[in-house]
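The file model.pdb contains PDB, C-alpha atoms:
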```
ATOM      1  CA  MET Q   1     -25.777  65.176 101.352
ATOM      2  CA  SER Q   2     -26.721  65.755  97.747
ATOM      3  CA  LYS Q   3     -25.231  68.514  95.658
ATOM      4  CA  SER Q   4     -27.477  71.568  95.461
ATOM      5  CA  ARG Q   5     -28.778  72.657  92.105
ATOM      6  CA  LYS Q   6     -28.207  76.193  90.842
ATOM      7  CA  TRP Q   7     -31.909  77.030  91.122
ATOM      8  CA  GLU Q   8     -32.341  75.653  94.632
ATOM      9  CA  ILE Q   9     -32.800  77.994  97.582
ATOM     10  CA  SER Q  10     -31.116  76.954 100.799
ATOM     11  CA  GLY Q  11     -33.066  77.117 104.016
ATOM     12  CA  LEU Q  12     -36.429  76.074 102.599
ATOM     13  CA  SER Q  13     -38.293  73.185 104.134
ATOM     14  CA  LYS Q  14     -41.684  71.613 103.696
ATOM     15  CA  LYS Q  15     -42.441  72.441 107.337
ATOM     16  CA  GLN Q  16     -42.267  76.201 106.715
ATOM     17  CA  THR Q  17     -45.345  78.331 106.396
ATOM     18  CA  LEU Q  18     -46.098  79.674 102.954
ATOM     19  CA  SER Q  19     -45.410  83.183 104.209
ATOM     20  CA  SER Q  20     -41.934  82.371 105.529
ATOM     21  CA  ALA Q  21     -41.074  80.392 102.383
ATOM     22  CA  LEU Q  22     -42.229  83.281 100.194
ATOM     23  CA  LYS Q  23     -40.015  85.708 102.114
ATOM     24  CA  ARG Q  24     -37.022  83.383 101.867
ATOM     25  CA  ILE Q  25     -37.528  82.829  98.138
ATOM     26  CA  PHE Q  26     -37.916  86.521  97.270
ATOM     27  CA  ASN Q  27     -35.074  87.652  99.512
ATOM     28  CA  THR Q  28     -32.808  85.135  97.781
ATOM     29  CA  ARG Q  29     -34.020  85.863  94.246
ATOM     30  CA  ILE Q  30     -33.816  89.646  94.629
ATOM     31  CA  LYS Q  31     -30.399  89.520  96.292
ATOM     32  CA  THR Q  32     -29.114  87.320  93.456
ATOM     33  CA  LEU Q  33     -30.588  89.680  90.852
ATOM     34  CA  LEU Q  34     -29.025  92.748  92.477
ATOM     35  CA  ARG Q  35     -25.621  91.017  92.581
ATOM     36  CA  ALA Q  36     -25.976  90.143  88.883
ATOM     37  CA  ILE Q  37     -26.865  93.759  88.067
ATOM     38  CA  GLU Q  38     -23.843  94.979  90.027
ATOM     39  CA  LYS Q  39     -21.582  92.557  88.141
ATOM     40  CA  TYR Q  40     -23.093  93.702  84.843
ATOM     41  CA  PHE Q  41     -22.353  97.337  85.709
ATOM     42  CA  GLU Q  42     -18.771  96.384  86.587
ATOM     43  CA  THR Q  43     -17.972  94.243  83.549
ATOM     44  CA  GLY Q  44     -20.589  94.980  80.897
ATOM     45  CA  SER Q  45     -19.960  91.474  79.601
ATOM     46  CA  VAL Q  46     -22.375  89.362  77.589
ATOM     47  CA  GLU Q  47     -22.123  86.709  80.324
ATOM     48  CA  ALA Q  48     -23.049  89.232  83.033
ATOM     49  CA  LEU Q  49     -26.023  90.368  80.945
ATOM     50  CA  HIS Q  50     -27.097  86.735  80.676
ATOM     51  CA  GLU Q  51     -26.947  86.403  84.488
ATOM     52  CA  VAL Q  52     -29.130  89.515  84.825
ATOM     53  CA  ARG Q  53     -31.636  87.941  82.457
ATOM     54  CA  ILE Q  54     -31.675  84.718  84.480
ATOM     55  CA  GLY Q  55     -32.142  86.710  87.689
ATOM     56  CA  LEU Q  56     -35.012  88.703  86.203
ATOM     57  CA  ARG Q  57     -36.663  85.536  84.929
ATOM     58  CA  ARG Q  58     -36.440  83.844  88.335
ATOM     59  CA  VAL Q  59     -37.908  86.868  90.113
ATOM     60  CA  ARG Q  60     -40.707  87.104  87.554
ATOM     61  CA  TYR Q  61     -41.594  83.417  87.750
ATOM     62  CA  SER Q  62     -41.637  83.603  91.543
ATOM     63  CA  LEU Q  63     -43.937  86.617  91.335
ATOM     64  CA  GLU Q  64     -46.285  84.718  89.053
ATOM     65  CA  LEU Q  65     -46.247  81.717  91.365
ATOM     66  CA  PHE Q  66     -46.997  83.725  94.516
ATOM     67  CA  PHE Q  67     -49.386  86.254  92.957
ATOM     68  CA  CYS Q  68     -52.196  85.386  95.360
ATOM     69  CA  CYS Q  69     -49.976  86.018  98.405
ATOM     70  CA  ILE Q  70     -48.744  89.534  97.600
ATOM     71  CA  ASP Q  71     -50.441  92.914  98.000
ATOM     72  CA  LYS Q  72     -51.851  93.591  94.525
ATOM     73  CA  ASN Q  73     -50.806  97.259  94.284
ATOM     74  CA  VAL Q  74     -47.217  96.469  95.193
ATOM     75  CA  PHE Q  75     -47.265  93.326  93.048
ATOM     76  CA  PHE Q  76     -48.357  95.019  89.828
ATOM     77  CA  LYS Q  77     -45.891  97.898  90.139
ATOM     78  CA  PHE Q  78     -43.012  95.545  90.856
ATOM     79  CA  TYR Q  79     -44.065  93.012  88.217
ATOM     80  CA  LYS Q  80     -44.287  95.734  85.565
ATOM     81  CA  ASN Q  81     -40.718  96.818  86.363
ATOM     82  CA  ILE Q  82     -39.384  93.272  86.189
ATOM     83  CA  GLU Q  83     -41.264  92.562  82.958
ATOM     84  CA  GLU Q  84     -39.945  95.747  81.321
ATOM     85  CA  LEU Q  85     -36.360  94.962  82.355
ATOM     86  CA  GLN Q  86     -36.714  91.390  81.150
ATOM     87  CA  ASP Q  87     -38.034  92.518  77.763
ATOM     88  CA  LEU Q  88     -35.322  95.155  77.324
ATOM     89  CA  SER Q  89     -32.504  92.824  78.357
ATOM     90  CA  GLY Q  90     -33.910  90.297  75.894
ATOM     91  CA  LEU Q  91     -33.644  92.807  73.056
ATOM     92  CA  VAL Q  92     -29.975  93.419  73.864
ATOM     93  CA  ARG Q  93     -29.367  89.673  74.082
ATOM     94  CA  ASP Q  94     -31.150  89.112  70.753
ATOM     95  CA  ILE Q  95     -28.641  91.400  69.034
ATOM     96  CA  ASP Q  96     -25.747  89.555  70.700
ATOM     97  CA  ILE Q  97     -27.080  86.242  69.389
ATOM     98  CA  MET Q  98     -27.733  87.746  65.948
ATOM     99  CA  LYS Q  99     -24.116  88.943  65.780
ATOM    100  CA  ILE Q 100     -22.831  85.499  66.786
ATOM    101  CA  ASN Q 101     -24.976  83.835  64.123
ATOM    102  CA  ILE Q 102     -23.955  86.308  61.411
ATOM    103  CA  GLU Q 103     -20.272  85.856  62.283
ATOM    104  CA  SER Q 104     -20.693  82.076  62.214
ATOM    105  CA  ILE Q 105     -22.370  82.140  58.795
ATOM    106  CA  SER Q 106     -19.724  84.542  57.524
ATOM    107  CA  SER Q 107     -16.953  82.253  58.730
ATOM    108  CA  ASP Q 108     -18.563  78.968  57.636
ATOM    109  CA  LYS Q 109     -19.515  80.180  54.177
ATOM    110  CA  ASN Q 110     -16.596  82.571  53.701
ATOM    111  CA  ILE Q 111     -18.988  85.473  53.141
ATOM    112  CA  ASP Q 112     -18.051  89.067  53.841
ATOM    113  CA  ILE Q 113     -20.634  90.883  55.901
ATOM    114  CA  PRO Q 114     -20.989  94.539  54.907
ATOM    115  CA  ALA Q 115     -19.611  96.902  57.528
ATOM    116  CA  SER Q 116     -22.868  98.851  57.410
ATOM    117  CA  ILE Q 117     -24.723  95.843  58.842
ATOM    118  CA  THR Q 118     -22.292  95.243  61.703
ATOM    119  CA  GLU Q 119     -22.163  98.978  62.441
ATOM    120  CA  GLU Q 120     -25.958  99.189  62.529
ATOM    121  CA  LEU Q 121     -26.170  96.191  64.854
ATOM    122  CA  GLU Q 122     -23.574  97.768  67.154
ATOM    123  CA  SER Q 123     -25.417 101.081  67.123
ATOM    124  CA  ARG Q 124     -28.756  99.470  67.945
ATOM    125  CA  ARG Q 125     -27.187  97.348  70.671
ATOM    126  CA  LYS Q 126     -25.482 100.358  72.232
ATOM    127  CA  ASN Q 127     -28.731 102.349  72.291
ATOM    128  CA  LEU Q 128     -30.651  99.457  73.831
ATOM    129  CA  GLU Q 129     -27.886  98.732  76.320
ATOM    130  CA  ASP Q 130     -27.695 102.390  77.372
ATOM    131  CA  ASP Q 131     -31.439 102.323  77.992
ATOM    132  CA  LEU Q 132     -31.147  99.032  79.886
ATOM    133  CA  ARG Q 133     -28.325 100.325  82.098
ATOM    134  CA  LEU Q 134     -30.319 103.434  82.958
ATOM    135  CA  LYS Q 135     -33.447 101.426  83.782
ATOM    136  CA  LEU Q 136     -31.474  98.896  85.835
ATOM    137  CA  MET Q 137     -29.882 101.735  87.786
ATOM    138  CA  LYS Q 138     -33.284 103.320  88.411
ATOM    139  CA  PHE Q 139     -34.725  99.944  89.420
ATOM    140  CA  THR Q 140     -32.024  99.275  92.024
ATOM    141  CA  ARG Q 141     -32.866 102.608  93.693
ATOM    142  CA  SER Q 142     -36.603 102.571  93.043
ATOM    143  CA  LYS Q 143     -39.442 103.129  95.453
ATOM    144  CA  THR Q 144     -41.091 100.070  93.916
ATOM    145  CA  LEU Q 145     -38.200  97.801  94.957
ATOM    146  CA  LYS Q 146     -38.180  99.325  98.445
ATOM    147  CA  GLU Q 147     -41.942  98.804  98.795
ATOM    148  CA  PHE Q 148     -41.635  95.205  97.673
ATOM    149  CA  ASN Q 149     -38.769  94.578 100.085
ATOM    150  CA  LYS Q 150     -40.893  95.999 102.928
ATOM    151  CA  LEU Q 151     -43.347  93.170 102.332
ATOM    152  CA  LEU Q 152     -40.511  90.748 103.017
ATOM    153  CA  ASP Q 153     -39.596  92.167 106.434
TER     154      ASP Q 153
END
```

Full structure transcribed into structure tokens:
Amino acid sequence: MSKSRKWEISGLSKKQTLSSALKRIFNTRIKTLLRAIEKYFETGSVEALHEVRIGLRRVRYSLELFFCCIDKNVFFKFYKNIEELQDLSGLVRDIDIMKINIESISSDKNIDIPASITEELESRRKNLEDDLRLKLMKFTRSKTLKEFNKLLD
């Protein structure tokens, strides 16, 4: 048996109906996303944030792929939530990458970075991350998520 890839979903087969495959895919993607969010709340690490971003991206791409199969009212509400979380998590990640790049340039070129710049980056990141945490928490308890999950029953 071949090794499964990290993006593969077990239990899918070409003999399944589209409806049963859709349910399997979304149940898996959403469960993985919620686990990543839980880990992010526990650790707050850059790696955990990255896993949340991957989870959001996979849910969003699945939504886009199965657009024609999902109730439009539920779809658009859920999609908007996922898109907003993906954008916000991307802003936090952008600051993380910016800090890494600035530190690398500073180290490579032996340049001192003014404290005001690093402090401002930290302040902006903290504000964005606080907003992200709040929105992730609301999402995990949201009516929108519950309505979407009802479609999968």

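Closest approach to Q:Ser45 among Q:Arg57, Q:Lys6, Q:Arg93, Q:Met137 is made by Q:Arg93 (distances from only C-alpha atoms).
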
* Asked: Can you list what the PyMOL selection byres ((chain Q and resi 19) around 12) grabs from this structure, as an MDAnalysis selection string?
  -> chainID Q and resid 12 15:18 20:26 66 68:70 151:153

* Asked: atom CA of Q:Ser62 to atom CA of Q:Ile82: how many Å, to one decimal?
  ->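 That distance, rounded to one decimal, is 11.3 Å.
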
* **d(atom CA of Q:Ile95, atom CA of Q:Glu122) in Å** => 8.4 Å

* What residues come out when you apply the PyMOL selection byres ((chain Q and resi 36) around 12) to this file, written as a VMD selection string? -> chain Q and resid 29 to 35 37 to 56 136 140

Any chance you could export the current selection's C-alpha atoms as a JSON list (two decimals), in the frame of the given file?
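Below you can see part.json, which holds the result:
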```json
[["chain", "number", "residue", "atom", "x", "y", "z"],
["Q", 29, "ARG", "CA", -34.02, 85.86, 94.25],
["Q", 30, "ILE", "CA", -33.82, 89.65, 94.63],
["Q", 31, "LYS", "CA", -30.40, 89.52, 96.29],
["Q", 32, "THR", "CA", -29.11, 87.32, 93.46],
["Q", 33, "LEU", "CA", -30.59, 89.68, 90.85],
["Q", 34, "LEU", "CA", -29.02, 92.75, 92.48],
["Q", 35, "ARG", "CA", -25.62, 91.02, 92.58],
["Q", 37, "ILE", "CA", -26.86, 93.76, 88.07],
["Q", 38, "GLU", "CA", -23.84, 94.98, 90.03],
["Q", 39, "LYS", "CA", -21.58, 92.56, 88.14],
["Q", 40, "TYR", "CA", -23.09, 93.70, 84.84],
["Q", 41, "PHE", "CA", -22.35, 97.34, 85.71],
["Q", 42, "GLU", "CA", -18.77, 96.38, 86.59],
["Q", 43, "THR", "CA", -17.97, 94.24, 83.55],
["Q", 44, "GLY", "CA", -20.59, 94.98, 80.90],
["Q", 45, "SER", "CA", -19.96, 91.47, 79.60],
["Q", 46, "VAL", "CA", -22.38, 89.36, 77.59],
["Q", 47, "GLU", "CA", -22.12, 86.71, 80.32],
["Q", 48, "ALA", "CA", -23.05, 89.23, 83.03],
["Q", 49, "LEU", "CA", -26.02, 90.37, 80.94],
["Q", 50, "HIS", "CA", -27.10, 86.74, 80.68],
["Q", 51, "GLU", "CA", -26.95, 86.40, 84.49],
["Q", 52, "VAL", "CA", -29.13, 89.52, 84.82],
["Q", 53, "ARG", "CA", -31.64, 87.94, 82.46],
["Q", 54, "ILE", "CA", -31.68, 84.72, 84.48],
["Q", 55, "GLY", "CA", -32.14, 86.71, 87.69],
["Q", 56, "LEU", "CA", -35.01, 88.70, 86.20],
["Q", 136, "LEU", "CA", -31.47, 98.90, 85.84],
["Q", 140, "THR", "CA", -32.02, 99.28, 92.02]]
```

* To do: Around the point (-20.2, 88.1, 67.3) in the file's coordinates, collect all residues with an atom within 12 Å, using all atoms listed in the file, and return them as JSON, numbers by chain.
  => {"Q": [46, 93, 94, 95, 96, 97, 98, 99, 100, 101, 102, 103, 104, 105, 106, 107, 113, 118, 121, 122]}

Export of the given selection (C-alpha atoms) as a short mmCIF file (atom, residue, chain, number, x, y, z; two decimals), keeping the file's coordinate frame:
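Okay, result-v4.cif is ready:
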```
data_model
loop_
_atom_site.label_atom_id
_atom_site.label_comp_id
_atom_site.auth_asym_id
_atom_site.auth_seq_id
_atom_site.Cartn_x
_atom_site.Cartn_y
_atom_site.Cartn_z
CA VAL Q 46 -22.38 89.36 77.59
CA ARG Q 93 -29.37 89.67 74.08
CA ASP Q 94 -31.15 89.11 70.75
CA ILE Q 95 -28.64 91.40 69.03
CA ASP Q 96 -25.75 89.56 70.70
CA ILE Q 97 -27.08 86.24 69.39
CA MET Q 98 -27.73 87.75 65.95
CA LYS Q 99 -24.12 88.94 65.78
CA ILE Q 100 -22.83 85.50 66.79
CA ASN Q 101 -24.98 83.84 64.12
CA ILE Q 102 -23.96 86.31 61.41
CA GLU Q 103 -20.27 85.86 62.28
CA SER Q 104 -20.69 82.08 62.21
CA ILE Q 105 -22.37 82.14 58.80
CA SER Q 106 -19.72 84.54 57.52
CA SER Q 107 -16.95 82.25 58.73
CA ILE Q 113 -20.63 90.88 55.90
CA THR Q 118 -22.29 95.24 61.70
CA LEU Q 121 -26.17 96.19 64.85
CA GLU Q 122 -23.57 97.77 67.15
#
```

* Asked: Between Q:Pro114, Q:Ser10, Q:Lys135, Q:Phe148, which is the closest to Q:Tyr79 once you count only C-alpha atoms?
  ->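 Looking only at the distances to Q:Tyr79, the closest residue turns out to be Q:Phe148.
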
* Interatomic distance, atom CA of Q:Leu132 to atom CA of Q:Leu65 (Å, one decimal) -> 25.7 Å

* To do: Select, counting all atoms listed in the file, all protein, DNA and RNA residues no farther than 9 Å from (-40.5, 99.8, 87.1) in file coordinates, and express the selection as a ChimeraX atom specification.
  => /Q:77-85,135,138-139,142,144-145

Output file for the selection above: C-alpha atoms, as a PDB file, keeping the file's coordinate frame:
```
ATOM      1  CA  LYS Q  77     -45.891  97.898  90.139  1.00  0.00           C
ATOM      2  CA  PHE Q  78     -43.012  95.545  90.856  1.00  0.00           C
ATOM      3  CA  TYR Q  79     -44.065  93.012  88.217  1.00  0.00           C
ATOM      4  CA  LYS Q  80     -44.287  95.734  85.565  1.00  0.00           C
ATOM      5  CA  ASN Q  81     -40.718  96.818  86.363  1.00  0.00           C
ATOM      6  CA  ILE Q  82     -39.384  93.272  86.189  1.00  0.00           C
ATOM      7  CA  GLU Q  83     -41.264  92.562  82.958  1.00  0.00           C
ATOM      8  CA  GLU Q  84     -39.945  95.747  81.321  1.00  0.00           C
ATOM      9  CA  LEU Q  85     -36.360  94.962  82.355  1.00  0.00           C
ATOM     10  CA  LYS Q 135     -33.447 101.426  83.782  1.00  0.00           C
ATOM     11  CA  LYS Q 138     -33.284 103.320  88.411  1.00  0.00           C
ATOM     12  CA  PHE Q 139     -34.725  99.944  89.420  1.00  0.00           C
ATOM     13  CA  SER Q 142     -36.603 102.571  93.043  1.00  0.00           C
ATOM     14  CA  THR Q 144     -41.091 100.070  93.916  1.00  0.00           C
ATOM     15  CA  LEU Q 145     -38.200  97.801  94.957  1.00  0.00           C
TER      16      LEU Q 145
END
```
